[in-house]
file upload18.cif (mmCIF, C-alpha atoms and all ligand atoms)
data_structure
#
loop_
_atom_site.label_atom_id
_atom_site.label_comp_id
_atom_site.auth_asym_id
_atom_site.auth_seq_id
_atom_site.Cartn_x
_atom_site.Cartn_y
_atom_site.Cartn_z
CA MET A 215 0.00 0.00 0.00
CA ARG A 216 0.96 3.63 -0.27
CA LEU A 217 0.35 6.20 2.46
CA ALA A 218 0.62 9.96 2.43
CA THR A 219 1.17 12.16 5.45
CA LEU A 220 1.16 15.88 6.18
CA THR A 221 1.46 18.28 9.12
CA SER A 222 -0.93 21.21 9.28
CA GLY A 223 -1.68 24.20 11.56
CA GLY A 224 0.78 25.57 14.14
CA ASP A 225 3.90 23.42 14.52
CA CYS A 226 4.69 21.62 17.74
CA PRO A 227 7.48 19.48 19.21
CA GLY A 228 6.93 15.81 18.30
CA LEU A 229 5.64 16.22 14.72
CA ASN A 230 8.86 14.72 13.34
CA ALA A 231 8.64 11.83 15.78
CA VAL A 232 5.23 10.99 14.26
CA ILE A 233 6.57 11.27 10.70
CA ARG A 234 9.49 8.98 11.58
CA ALA A 235 7.16 6.43 13.17
CA VAL A 236 4.82 6.49 10.17
CA VAL A 237 7.64 5.98 7.64
CA ARG A 238 9.46 3.28 9.59
CA THR A 239 6.29 1.35 10.44
CA ALA A 240 4.94 1.53 6.88
CA ASN A 241 8.25 0.51 5.25
CA LYS A 242 8.50 -2.48 7.58
CA MET A 243 5.00 -3.46 6.49
CA ASP A 244 6.01 -3.36 2.79
CA SER A 245 4.31 -0.03 2.21
CA THR A 246 5.61 3.30 0.93
CA VAL A 247 5.05 6.84 2.20
CA ILE A 248 4.98 10.26 0.60
CA GLY A 249 4.86 13.54 2.50
CA TYR A 250 2.95 16.61 1.35
CA GLU A 251 4.62 19.93 2.12
CA ASP A 252 3.05 22.73 4.16
CA GLY A 253 -0.10 20.91 5.21
CA TRP A 254 -3.31 21.11 3.20
CA VAL A 255 -1.71 23.78 0.98
CA GLY A 256 0.87 21.30 -0.35
CA LEU A 257 -1.79 18.65 -0.85
CA LEU A 258 -3.84 21.07 -2.92
CA GLU A 259 -0.80 22.24 -4.91
CA ASP A 260 0.55 18.69 -5.27
CA ARG A 261 3.88 19.45 -3.61
CA ARG A 262 5.08 16.10 -2.36
CA ARG A 263 8.20 14.07 -1.70
CA ASP A 264 9.02 10.43 -1.10
CA LEU A 265 9.94 9.55 2.46
CA TYR A 266 12.13 6.52 3.20
CA ASP A 267 13.23 4.77 6.34
CA ASP A 268 16.80 6.05 5.99
CA ALA A 269 19.41 7.60 8.29
CA TYR A 270 17.85 11.04 7.84
CA ILE A 271 14.37 9.94 8.91
CA ASP A 272 15.81 7.98 11.80
CA LYS A 273 17.46 11.10 13.23
CA ILE A 274 14.46 13.43 13.13
CA LEU A 275 13.07 11.98 16.38
CA LEU A 276 14.76 14.75 18.39
CA ARG A 277 14.08 17.58 16.02
CA GLY A 278 11.41 20.20 16.79
CA GLY A 279 9.18 21.71 14.10
CA THR A 280 8.29 19.61 11.07
CA ILE A 281 10.50 18.49 8.18
CA LEU A 282 7.44 18.71 5.90
CA GLY A 283 6.65 22.32 6.76
CA THR A 284 3.20 23.39 7.83
CA GLY A 285 0.59 25.93 6.88
CA ARG A 286 -2.97 27.09 7.31
CA LEU A 287 -5.57 26.96 4.54
CA HIS A 288 -8.89 28.76 4.83
CA PRO A 289 -11.73 26.18 5.08
CA ASP A 290 -13.49 27.70 2.05
CA LYS A 291 -10.41 27.26 -0.17
CA PHE A 292 -9.92 23.78 1.23
CA LYS A 293 -13.47 22.73 0.41
CA ALA A 294 -13.36 24.32 -3.04
CA GLY A 295 -10.26 22.20 -3.76
CA LEU A 296 -11.84 18.80 -3.10
CA ASP A 297 -11.67 17.57 -6.72
CA GLN A 298 -8.07 18.72 -7.03
CA ILE A 299 -7.14 17.02 -3.77
CA LYS A 300 -8.76 13.76 -4.86
CA SER A 301 -7.05 13.85 -8.24
CA ASN A 302 -3.65 14.61 -6.63
CA LEU A 303 -4.02 11.66 -4.28
CA GLU A 304 -5.09 9.43 -7.16
CA ASP A 305 -2.10 10.51 -9.33
CA ALA A 306 0.24 9.72 -6.45
CA LYS A 307 -1.52 6.34 -5.98
CA VAL A 308 -2.19 7.08 -2.33
CA ASP A 309 -4.39 4.55 -0.52
CA ALA A 310 -4.78 6.51 2.71
CA LEU A 311 -3.76 9.81 4.23
CA ILE A 312 -2.44 10.39 7.76
CA ALA A 313 -3.21 13.99 8.72
CA ILE A 314 -1.30 15.31 11.75
CA GLY A 315 -2.74 18.46 13.29
CA GLY A 316 -4.92 20.21 15.82
CA GLU A 317 -8.66 20.67 15.92
CA GLY A 318 -8.82 22.62 12.65
CA THR A 319 -6.79 20.02 10.79
CA LEU A 320 -8.85 17.17 12.23
CA LYS A 321 -12.01 18.96 11.09
CA GLY A 322 -10.52 19.02 7.59
CA ALA A 323 -9.62 15.33 7.88
CA LYS A 324 -13.19 14.49 8.89
CA TRP A 325 -14.57 16.45 5.97
CA LEU A 326 -12.27 14.60 3.55
CA SER A 327 -13.30 11.28 5.04
CA ASP A 328 -16.98 12.28 4.69
CA ASN A 329 -16.14 12.86 1.04
CA SER A 330 -14.72 9.38 0.49
CA VAL A 331 -11.02 10.10 1.07
CA PRO A 332 -9.53 7.49 3.46
CA VAL A 333 -8.00 9.47 6.35
CA ILE A 334 -6.62 8.79 9.80
CA GLY A 335 -6.01 11.78 12.10
CA VAL A 336 -3.19 12.27 14.60
CA PRO A 337 -3.92 14.94 17.25
CA LYS A 338 -1.21 17.48 18.01
CA THR A 339 -1.05 20.82 19.78
CA ILE A 340 0.89 22.36 22.60
CA ASP A 341 -2.44 23.70 23.89
CA ASN A 342 -3.75 20.18 24.72
CA ASP A 343 -7.25 21.27 23.71
CA VAL A 344 -8.21 18.44 21.33
CA ASN A 345 -11.27 16.61 22.56
CA ALA A 346 -11.41 12.81 22.87
CA THR A 347 -7.77 12.34 23.86
CA ASN A 348 -6.19 12.71 27.29
CA TYR A 349 -3.06 14.39 25.94
CA THR A 350 -1.71 15.76 22.70
CA PHE A 351 2.05 15.62 22.12
CA GLY A 352 3.77 19.00 22.32
CA PHE A 353 1.92 19.91 25.50
CA ASP A 354 4.46 18.33 27.83
CA THR A 355 7.31 20.16 26.09
CA ALA A 356 5.50 23.50 26.26
CA VAL A 357 4.76 23.00 29.96
CA SER A 358 8.41 22.08 30.63
CA VAL A 359 9.67 25.19 28.85
CA ALA A 360 7.17 27.43 30.67
CA THR A 361 7.97 25.81 34.03
CA ASP A 362 11.69 26.31 33.51
CA ALA A 363 11.03 29.99 32.75
CA ILE A 364 8.86 30.40 35.86
CA ASP A 365 11.56 28.74 38.01
CA ARG A 366 14.04 31.32 36.78
CA LEU A 367 11.66 34.23 37.29
CA HIS A 368 11.23 33.34 40.99
CA THR A 369 14.81 34.26 41.87
CA THR A 370 14.93 37.55 40.01
CA ALA A 371 11.47 38.57 41.27
CA GLU A 372 12.49 37.76 44.85
CA SER A 373 15.76 39.65 44.61
CA HIS A 374 13.97 42.82 43.46
CA GLU A 375 10.78 42.40 45.51
CA ARG A 376 8.78 42.46 42.31
CA ILE A 377 5.67 40.94 40.82
CA LEU A 378 6.46 39.01 37.64
CA VAL A 379 3.55 38.43 35.27
CA VAL A 380 4.30 35.54 32.87
CA GLU A 381 2.11 35.25 29.77
CA VAL A 382 2.00 31.74 28.31
CA MET A 383 0.29 30.34 25.22
CA GLY A 384 -3.31 29.21 25.30
CA ARG A 385 -5.64 31.09 23.02
CA HIS A 386 -8.86 29.32 23.97
CA VAL A 387 -7.87 27.06 26.85
CA GLY A 388 -5.61 27.32 29.89
CA TRP A 389 -3.96 23.89 30.13
CA ILE A 390 -0.41 25.24 29.73
CA ALA A 391 -1.03 28.01 32.28
CA LEU A 392 -2.66 25.58 34.72
CA HIS A 393 0.10 22.98 34.57
CA ALA A 394 3.09 25.34 34.33
CA GLY A 395 1.60 27.53 37.04
CA MET A 396 1.22 24.58 39.38
CA ALA A 397 4.59 23.01 38.54
CA GLY A 398 6.32 26.39 38.84
CA GLY A 399 4.68 27.35 42.12
CA ALA A 400 2.92 30.41 40.71
CA HIS A 401 1.09 32.59 43.25
CA HIS A 402 -1.88 33.22 40.96
CA THR A 403 -2.88 31.79 37.56
CA VAL A 404 -5.54 32.99 35.15
CA ILE A 405 -7.02 30.98 32.30
CA PRO A 406 -9.49 31.74 29.49
CA GLU A 407 -12.12 29.37 30.91
CA GLU A 408 -12.55 31.42 34.11
CA PRO A 409 -12.82 35.19 33.63
CA PHE A 410 -10.66 36.85 36.29
CA ASP A 411 -11.10 39.74 38.68
CA VAL A 412 -7.80 41.62 38.93
CA ALA A 413 -8.75 42.49 42.53
CA ASP A 414 -8.28 38.77 43.37
CA ILE A 415 -4.81 38.78 41.82
CA CYS A 416 -3.93 41.91 43.83
CA LYS A 417 -5.21 40.19 47.00
CA SER A 418 -2.96 37.18 46.36
CA MET A 419 0.01 39.50 45.93
CA GLU A 420 -0.80 41.60 48.99
CA ARG A 421 -1.09 38.46 51.10
CA ARG A 422 2.43 37.52 50.08
CA PHE A 423 3.88 40.91 50.96
CA GLN A 424 2.08 40.85 54.33
CA MET A 425 3.54 37.38 55.02
CA GLY A 426 7.01 38.77 54.33
CA GLU A 427 7.36 36.96 50.99
CA LYS A 428 7.87 40.18 49.10
CA TYR A 429 7.51 38.97 45.53
CA GLY A 430 4.93 37.19 43.40
CA ILE A 431 4.56 35.19 40.20
CA VAL A 432 1.35 35.51 38.20
CA VAL A 433 0.82 33.15 35.25
CA VAL A 434 -1.57 34.37 32.57
CA ALA A 435 -2.85 32.43 29.57
CA GLU A 436 -2.78 34.68 26.51
CA GLY A 437 -6.54 34.21 25.98
CA ALA A 438 -7.53 35.22 29.55
CA MET A 439 -10.31 37.79 29.86
CA PRO A 440 -11.44 39.90 32.83
CA LYS A 441 -14.87 39.47 34.41
CA GLU A 442 -17.21 42.06 33.01
CA GLY A 443 -17.01 45.38 34.80
CA THR A 444 -13.83 44.56 36.78
CA MET A 445 -11.14 46.08 34.61
CA GLN A 446 -10.86 47.85 31.29
CA ALA A 447 -9.15 45.57 28.80
CA ASP A 448 -8.62 45.36 25.08
CA GLU A 449 -11.16 42.83 23.78
CA GLY A 450 -9.24 41.78 20.66
CA GLY A 451 -11.01 40.23 17.70
CA ILE A 452 -11.26 37.14 15.53
CA ASP A 453 -8.86 36.40 12.67
CA GLU A 454 -9.71 34.94 9.23
CA PHE A 455 -9.43 31.38 10.58
CA GLY A 456 -11.86 32.09 13.42
CA HIS A 457 -9.07 32.29 16.04
CA LYS A 458 -9.14 34.83 18.83
CA THR A 459 -6.50 37.54 18.30
CA PHE A 460 -4.17 38.47 21.14
CA THR A 461 -4.44 41.56 23.28
CA GLY A 462 -1.25 41.48 25.34
CA ILE A 463 -3.34 40.63 28.39
CA GLY A 464 -0.24 39.91 30.51
CA GLN A 465 0.99 43.49 30.18
CA GLN A 466 -2.51 44.85 30.79
CA ILE A 467 -2.78 42.86 34.02
CA ALA A 468 0.71 43.98 35.08
CA ASP A 469 -0.20 47.65 34.54
CA GLU A 470 -3.41 47.23 36.53
CA ILE A 471 -1.68 45.46 39.45
CA HIS A 472 0.84 48.31 39.61
CA ARG A 473 -1.88 50.93 39.43
CA ARG A 474 -3.85 49.31 42.25
CA THR A 475 -1.04 48.23 44.60
CA GLY A 476 1.97 50.35 43.72
CA TYR A 477 4.18 47.23 43.59
CA ASP A 478 6.98 47.04 41.08
CA VAL A 479 5.66 44.79 38.28
CA ARG A 480 7.32 43.34 35.16
CA THR A 481 5.95 41.19 32.33
CA THR A 482 7.51 38.26 30.44
CA VAL A 483 5.79 36.92 27.32
CA LEU A 484 7.08 33.42 26.52
CA GLY A 485 5.44 33.16 23.09
CA HIS A 486 6.83 30.75 20.50
CA ILE A 487 9.73 29.63 22.71
CA GLN A 488 7.12 27.22 24.11
CA ARG A 489 6.51 25.74 20.67
CA GLY A 490 10.07 25.40 19.38
CA GLY A 491 12.93 23.03 20.02
CA THR A 492 13.36 19.40 20.88
CA PRO A 493 10.41 17.43 22.35
CA THR A 494 10.57 16.02 25.87
CA ALA A 495 10.92 12.26 26.30
CA TYR A 496 7.19 12.05 27.13
CA ASP A 497 6.24 13.81 23.88
CA ARG A 498 8.64 11.67 21.81
CA VAL A 499 7.06 8.53 23.21
CA LEU A 500 3.46 9.73 22.77
CA ALA A 501 4.12 10.99 19.23
CA THR A 502 5.84 7.73 18.29
CA ARG A 503 2.99 5.62 19.68
CA TYR A 504 0.46 7.76 17.79
CA GLY A 505 2.48 7.37 14.56
CA VAL A 506 2.73 3.58 14.83
CA HIS A 507 -0.97 3.16 15.65
CA ALA A 508 -2.12 5.56 12.93
CA THR A 509 -0.03 3.72 10.34
CA LYS A 510 -1.31 0.31 11.35
CA ALA A 511 -4.89 1.62 11.29
CA ALA A 512 -4.45 3.18 7.84
CA LEU A 513 -2.87 -0.01 6.46
CA ALA A 514 -5.69 -2.07 7.97
CA GLY A 515 -8.18 0.02 5.99
CA ASP A 516 -9.58 2.11 8.86
CA SER A 517 -10.76 5.62 7.98
CA GLY A 518 -12.56 8.57 9.57
CA LYS A 519 -10.74 7.80 12.84
CA CYS A 520 -8.24 9.55 15.04
CA VAL A 521 -5.63 8.02 17.33
CA SER A 522 -6.19 8.94 20.94
CA LEU A 523 -4.70 8.41 24.39
CA GLN A 524 -7.28 6.87 26.72
CA GLY A 525 -5.76 6.26 30.13
CA GLU A 526 -2.45 4.58 29.30
CA ALA A 527 -3.62 2.99 26.05
CA ILE A 528 -3.72 4.31 22.50
CA SER A 529 -7.02 3.66 20.78
CA LEU A 530 -8.98 4.84 17.75
CA VAL A 531 -11.89 7.24 18.16
CA ASP A 532 -14.19 8.68 15.50
CA LEU A 533 -12.86 11.94 14.05
CA GLU A 534 -16.30 13.30 14.79
CA ASP A 535 -15.59 12.99 18.56
CA ALA A 536 -12.25 14.79 18.25
CA VAL A 537 -13.72 17.92 16.64
CA GLY A 538 -16.60 20.29 17.26
CA LYS A 539 -15.75 21.23 20.81
CA LEU A 540 -12.46 21.94 22.56
CA LYS A 541 -11.23 20.15 25.65
CA VAL A 542 -11.32 22.91 28.25
CA VAL A 543 -9.96 23.01 31.81
CA PRO A 544 -12.75 21.73 34.10
CA PRO A 545 -13.72 24.00 37.04
CA GLU A 546 -12.54 21.43 39.60
CA ARG A 547 -9.02 21.43 38.13
CA TYR A 548 -8.87 25.21 38.40
CA ALA A 549 -10.23 25.03 41.95
CA THR A 550 -7.27 22.79 42.88
CA ALA A 551 -4.86 25.38 41.50
CA ARG A 552 -6.73 28.15 43.29
CA ALA A 553 -6.17 26.43 46.66
CA LEU A 554 -2.48 27.45 46.39
CA PHE A 555 -2.87 31.07 45.27
CA GLY A 556 -1.33 33.81 47.39
O1 LIG B 601 -0.52 25.92 18.47
C1 LIG B 601 -1.43 26.63 19.24
C2 LIG B 601 -0.88 27.96 19.53
O2 LIG B 601 0.38 27.73 20.02
C3 LIG B 601 -1.65 28.84 20.48
O3 LIG B 601 -1.45 28.65 21.83
C4 LIG B 601 -1.20 30.19 20.02
O4 LIG B 601 -2.09 31.12 20.41
C5 LIG B 601 -1.13 30.03 18.57
O5 LIG B 601 -0.76 28.70 18.34
C6 LIG B 601 -0.24 30.99 17.85
O6 LIG B 601 0.01 30.53 16.57
P1 LIG B 601 0.62 31.36 15.38
O7 LIG B 601 1.58 32.36 15.95
O8 LIG B 601 1.29 30.33 14.55
O9 LIG B 601 -0.52 31.99 14.69
#
call {"tool": "encode", "arguments": {"input": "upload18.cif", "output": "structure tokens"}}
result
Amino acid sequence: MRLATLTSGGDCPGLNAVIRAVVRTANKMDSTVIGYEDGWVGLLEDRRRDLYDDAYIDKILLRGGTILGTGRLHPDKFKAGLDQIKSNLEDAKVDALIAIGGEGTLKGAKWLSDNSVPVIGVPKTIDNDVNATNYTFGFDTAVSVATDAIDRLHTTAESHERILVVEVMGRHVGWIALHAGMAGGAHHTVIPEEPFDVADICKSMERRFQMGEKYGIVVVAEGAMPKEGTMQADEGGIDEFGHKTFTGIGQQIADEIHRRTGYDVRTTVLGHIQRGGTPTAYDRVLATRYGVHATKAALAGDSGKCVSLQGEAISLVDLEDAVGKLKVVPPERYATARALFG
């Protein structure tokens, strides 16, 4: 058989580990693999290359980003290109496609499968917001990077008796903020799922100064929003792909804390540092397991499915269950974090 694979949407550590696993598994099962460049865009434009289980592929396990490149294609252009996509796959004699991406990519994969293209999805994103899987690869790496940064910020904040506001990624969900905040011993964390009152953040900081711990770390997910009527904040907008645009909420919170308390406050925005570089061991293992399972499923003739981590096991779920709604931080998880604020 012949498989095709592609990586689409924002990159994330572990994509190459999946590609390696797909190529090695397929070649061992007497099948060949081609890779489309730059996600759906390359599939539509028929930009492809053969991938072999060679020394190069073997070594990409550690490499961040994606050797195939990635991109975003507007859903309207994607849908308008269905005939072209089908004819490109037919010309390349592809029996099944393995699409590696986040919620948007998996939506595209489902749509292709609904239109008779055999597809298996592999969920990725540092945000960990794909439904129907416990974890996406990339998340553990992003949390490790953010935690390392928070660890470092503690000592400088303490030395200067400052508040350090750390803005981490998480446009729609606060998993990175929640985990990095807890692992890094943050003194307050805000996430998009729970609109915040800046007065609560100030209270947490004041408590610390009163206790004699004259510094504080506040972790803020980039998509966090204030409770209505509590603070004036830039509301941002929605981009052409339906994603929330960023408002620099970390800096806005820092300014407001300073205005209300008079403390010395600084802001650090971690940004794409969280998305680049080599994956952690956990992400390499998860990505590899996803790649092997997706390949075996595609070669067995499965379609319209997505690999997923359920407890400790990898299983196949319907693509339908992986899309449509995001996996958000449940209130009880945030309540656990809140128990340690201040
Ligand atoms: O991959 C998800 C994500 O990292 C979000 O947390 C972030 O908001 C977004 O991608 C930014 O992506 P880009 O800069 O590529 O538009």
call {"tool": "atom_distance", "arguments": {"input": "upload18.cif", "atom1": "CA of Ala468 (chain A)", "atom2": "atom C1 of ligand LIG 601 (chain B)"}}
result
23.6 Å
call {"tool": "closest_atom_pairs", "arguments": {"input": "upload18.cif", "of": "chain A", "to": "ligand LIG 601 (chain B)", "cutoff": "6 Å", "atoms": "all atoms listed in the file", "output": "tab-separated table"}}
result
residue	atom	partner	partner_atom	distance
A:Gly224	CA	B:LIG601	O1	4.5
A:Thr339	CA	B:LIG601	O1	5.3
A:Ile340	CA	B:LIG601	O1	5.6
A:Asp341	CA	B:LIG601	O3	5.5
A:Met383	CA	B:LIG601	O3	4.2
A:Gly384	CA	B:LIG601	O3	4.0
A:Arg385	CA	B:LIG601	O4	4.4
call {"tool": "residues_around", "arguments": {"input": "upload18.cif", "residues": "region 315-325 of chain A", "least_positions_apart": "5", "cutoff": "10 Å", "atoms": "only C-alpha atoms", "output": "PyMOL selection string"}}
result
chain A and resi 220-226+229+253-254+284+286-289+292-293+296+330-345+350+455-456+517-520+532-534+536-540
call {"tool": "residues_around", "arguments": {"input": "upload18.cif", "residues": "Gly451 (chain A)", "least_positions_apart": "4", "cutoff": "9 Å", "atoms": "only C-alpha atoms", "output": "PyMOL selection string"}}
result
chain A and resi 457-461
call {"tool": "closest_residue", "arguments": {"input": "upload18.cif", "among": "A:His472, A:Leu484, A:Val531, A:His402", "to": "His507 (chain A)", "atoms": "only C-alpha atoms"}}
result
A:Val531
call {"tool": "closest_residue", "arguments": {"input": "upload18.cif", "among": "A:Ala527, A:Ile405, A:Ile390, A:Val379", "to": "Gln466 (chain A)", "atoms": "all atoms listed in the file"}}
result
A:Val379
call {"tool": "closest_residue", "arguments": {"input": "upload18.cif", "among": "A:Val357, A:Val308, A:Ile487, A:Ala269", "to": "Gly398 (chain A)", "atoms": "only C-alpha atoms"}}
result
A:Val357
call {"tool": "closest_residue", "arguments": {"input": "upload18.cif", "among": "A:Met445, A:Leu217, A:Ala240, A:Ala294", "to": "Asp309 (chain A)", "atoms": "only C-alpha atoms"}}
result
A:Leu217
call {"tool": "closest_residue", "arguments": {"input": "upload18.cif", "among": "A:Arg376, A:Glu251, A:Ser358, A:Val434", "to": "Gly388 (chain A)", "atoms": "all atoms listed in the file"}}
result
A:Val434
call {"tool": "atom_distance", "arguments": {"input": "upload18.cif", "atom1": "CA of Phe423 (chain A)", "atom2": "CA of Thr482 (chain A)"}}
result
21.0 Å
call {"tool": "residues_around", "arguments": {"input": "upload18.cif", "residues": "Ser301 (chain A)", "least_positions_apart": "5", "cutoff": "12 Å", "atoms": "all atoms listed in the file", "output": "PyMOL selection string"}}
result
chain A and resi 257-260+295-296+306-308+331
call {"tool": "write_last_selection", "arguments": {"input": "upload18.cif", "atoms": "C-alpha atoms", "output": "compact mmCIF listing (two decimals), in the frame of the given file"}}
result
# COMPACT_ATOMS: atom_id res chain seq x y z
CA LEU A 257 -1.79 18.65 -0.85
CA LEU A 258 -3.84 21.07 -2.92
CA GLU A 259 -0.80 22.24 -4.91
CA ASP A 260 0.55 18.69 -5.27
CA GLY A 295 -10.26 22.20 -3.76
CA LEU A 296 -11.84 18.80 -3.10
CA ALA A 306 0.24 9.72 -6.45
CA LYS A 307 -1.52 6.34 -5.98
CA VAL A 308 -2.19 7.08 -2.33
CA VAL A 331 -11.02 10.10 1.07
call {"tool": "atom_distance", "arguments": {"input": "upload18.cif", "atom1": "CA of Val232 (chain A)", "atom2": "CA of Ala397 (chain A)"}}
result
27.1 Å
call {"tool": "axis_aligned_box", "arguments": {"input": "upload18.cif", "around": "region 387-399 of chain A", "padding_each_side": "3 Å", "output": "lines of an AutoDock Vina configuration file"}}
result
center_x = -0.8
center_y = 25.5
center_z = 34.5
size_x = 20.2
size_y = 11.0
size_z = 21.3
call {"tool": "closest_residue", "arguments": {"input": "upload18.cif", "among": "A:Met243, A:Asp469, A:Leu554, A:Gly279", "to": "Leu513 (chain A)", "atoms": "only C-alpha atoms"}}
result
A:Met243
call {"tool": "residues_around", "arguments": {"input": "upload18.cif", "residues": "region 545-547 of chain A", "least_positions_apart": "4", "cutoff": "9 Å", "atoms": "all atoms listed in the file", "output": "PyMOL selection string"}}
result
chain A and resi 392+407-408+551-552
call {"tool": "residues_around", "arguments": {"input": "upload18.cif", "residues": "Met419 (chain A)", "least_positions_apart": "2", "cutoff": "9 Å", "atoms": "all atoms listed in the file", "output": "list in words"}}
result
Ile377, His401, His402, Asp414, Ile415, Cys416, Lys417, Arg421, Arg422, Phe423, Gln424, Lys428, Tyr429, Gly430, Ile431, Val432, Ile471, Thr475, Phe555 and Gly556 of chain A
call {"tool": "build_atoms", "arguments": {"input": "upload18.cif", "residues": "region 266-279 of chain A", "atoms": "N, CA, C and O atoms", "output": "PDB file, keeping the file's coordinate frame"}}
result
ATOM      1  N   TYR A 266      11.622   7.887   3.016  1.00  0.00           N
ATOM      2  CA  TYR A 266      12.130   6.520   3.200  1.00  0.00           C
ATOM      3  C   TYR A 266      12.668   6.347   4.611  1.00  0.00           C
ATOM      4  O   TYR A 266      13.138   7.304   5.223  1.00  0.00           O
ATOM      5  N   ASP A 267      12.662   5.101   5.040  1.00  0.00           N
ATOM      6  CA  ASP A 267      13.230   4.770   6.340  1.00  0.00           C
ATOM      7  C   ASP A 267      14.757   4.749   6.213  1.00  0.00           C
ATOM      8  O   ASP A 267      15.380   3.698   6.163  1.00  0.00           O
ATOM      9  N   ASP A 268      15.348   5.962   6.145  1.00  0.00           N
ATOM     10  CA  ASP A 268      16.800   6.050   5.990  1.00  0.00           C
ATOM     11  C   ASP A 268      17.406   6.740   7.215  1.00  0.00           C
ATOM     12  O   ASP A 268      16.705   7.044   8.181  1.00  0.00           O
ATOM     13  N   ALA A 269      18.707   7.019   7.136  1.00  0.00           N
ATOM     14  CA  ALA A 269      19.410   7.600   8.290  1.00  0.00           C
ATOM     15  C   ALA A 269      18.821   8.974   8.641  1.00  0.00           C
ATOM     16  O   ALA A 269      18.725   9.348   9.811  1.00  0.00           O
ATOM     17  N   TYR A 270      18.407   9.708   7.612  1.00  0.00           N
ATOM     18  CA  TYR A 270      17.850  11.040   7.840  1.00  0.00           C
ATOM     19  C   TYR A 270      16.559  10.950   8.662  1.00  0.00           C
ATOM     20  O   TYR A 270      16.389  11.626   9.683  1.00  0.00           O
ATOM     21  N   ILE A 271      15.656  10.084   8.211  1.00  0.00           N
ATOM     22  CA  ILE A 271      14.370   9.940   8.910  1.00  0.00           C
ATOM     23  C   ILE A 271      14.590   9.432  10.331  1.00  0.00           C
ATOM     24  O   ILE A 271      13.924   9.867  11.277  1.00  0.00           O
ATOM     25  N   ASP A 272      15.548   8.537  10.479  1.00  0.00           N
ATOM     26  CA  ASP A 272      15.810   7.980  11.800  1.00  0.00           C
ATOM     27  C   ASP A 272      16.193   9.070  12.800  1.00  0.00           C
ATOM     28  O   ASP A 272      15.831   9.012  13.972  1.00  0.00           O
ATOM     29  N   LYS A 273      16.906  10.082  12.314  1.00  0.00           N
ATOM     30  CA  LYS A 273      17.460  11.100  13.230  1.00  0.00           C
ATOM     31  C   LYS A 273      16.493  12.244  13.540  1.00  0.00           C
ATOM     32  O   LYS A 273      16.809  13.105  14.360  1.00  0.00           O
ATOM     33  N   ILE A 274      15.333  12.270  12.904  1.00  0.00           N
ATOM     34  CA  ILE A 274      14.460  13.430  13.130  1.00  0.00           C
ATOM     35  C   ILE A 274      13.651  13.324  14.432  1.00  0.00           C
ATOM     36  O   ILE A 274      12.929  14.250  14.794  1.00  0.00           O
ATOM     37  N   LEU A 275      13.804  12.194  15.120  1.00  0.00           N
ATOM     38  CA  LEU A 275      13.070  11.980  16.380  1.00  0.00           C
ATOM     39  C   LEU A 275      13.242  13.166  17.347  1.00  0.00           C
ATOM     40  O   LEU A 275      12.307  13.574  18.021  1.00  0.00           O
ATOM     41  N   LEU A 276      14.454  13.692  17.411  1.00  0.00           N
ATOM     42  CA  LEU A 276      14.760  14.750  18.390  1.00  0.00           C
ATOM     43  C   LEU A 276      14.440  16.145  17.898  1.00  0.00           C
ATOM     44  O   LEU A 276      14.514  17.103  18.664  1.00  0.00           O
ATOM     45  N   ARG A 277      14.157  16.243  16.618  1.00  0.00           N
ATOM     46  CA  ARG A 277      14.080  17.580  16.020  1.00  0.00           C
ATOM     47  C   ARG A 277      12.692  18.214  16.199  1.00  0.00           C
ATOM     48  O   ARG A 277      11.677  17.580  15.912  1.00  0.00           O
ATOM     49  N   GLY A 278      12.678  19.475  16.667  1.00  0.00           N
ATOM     50  CA  GLY A 278      11.410  20.200  16.790  1.00  0.00           C
ATOM     51  C   GLY A 278      10.885  20.585  15.419  1.00  0.00           C
ATOM     52  O   GLY A 278      11.491  20.262  14.401  1.00  0.00           O
ATOM     53  N   GLY A 279       9.761  21.276  15.374  1.00  0.00           N
ATOM     54  CA  GLY A 279       9.180  21.710  14.100  1.00  0.00           C
ATOM     55  C   GLY A 279       8.722  20.523  13.277  1.00  0.00           C
ATOM     56  O   GLY A 279       8.406  19.459  13.812  1.00  0.00           O
TER      57      GLY A 279
END
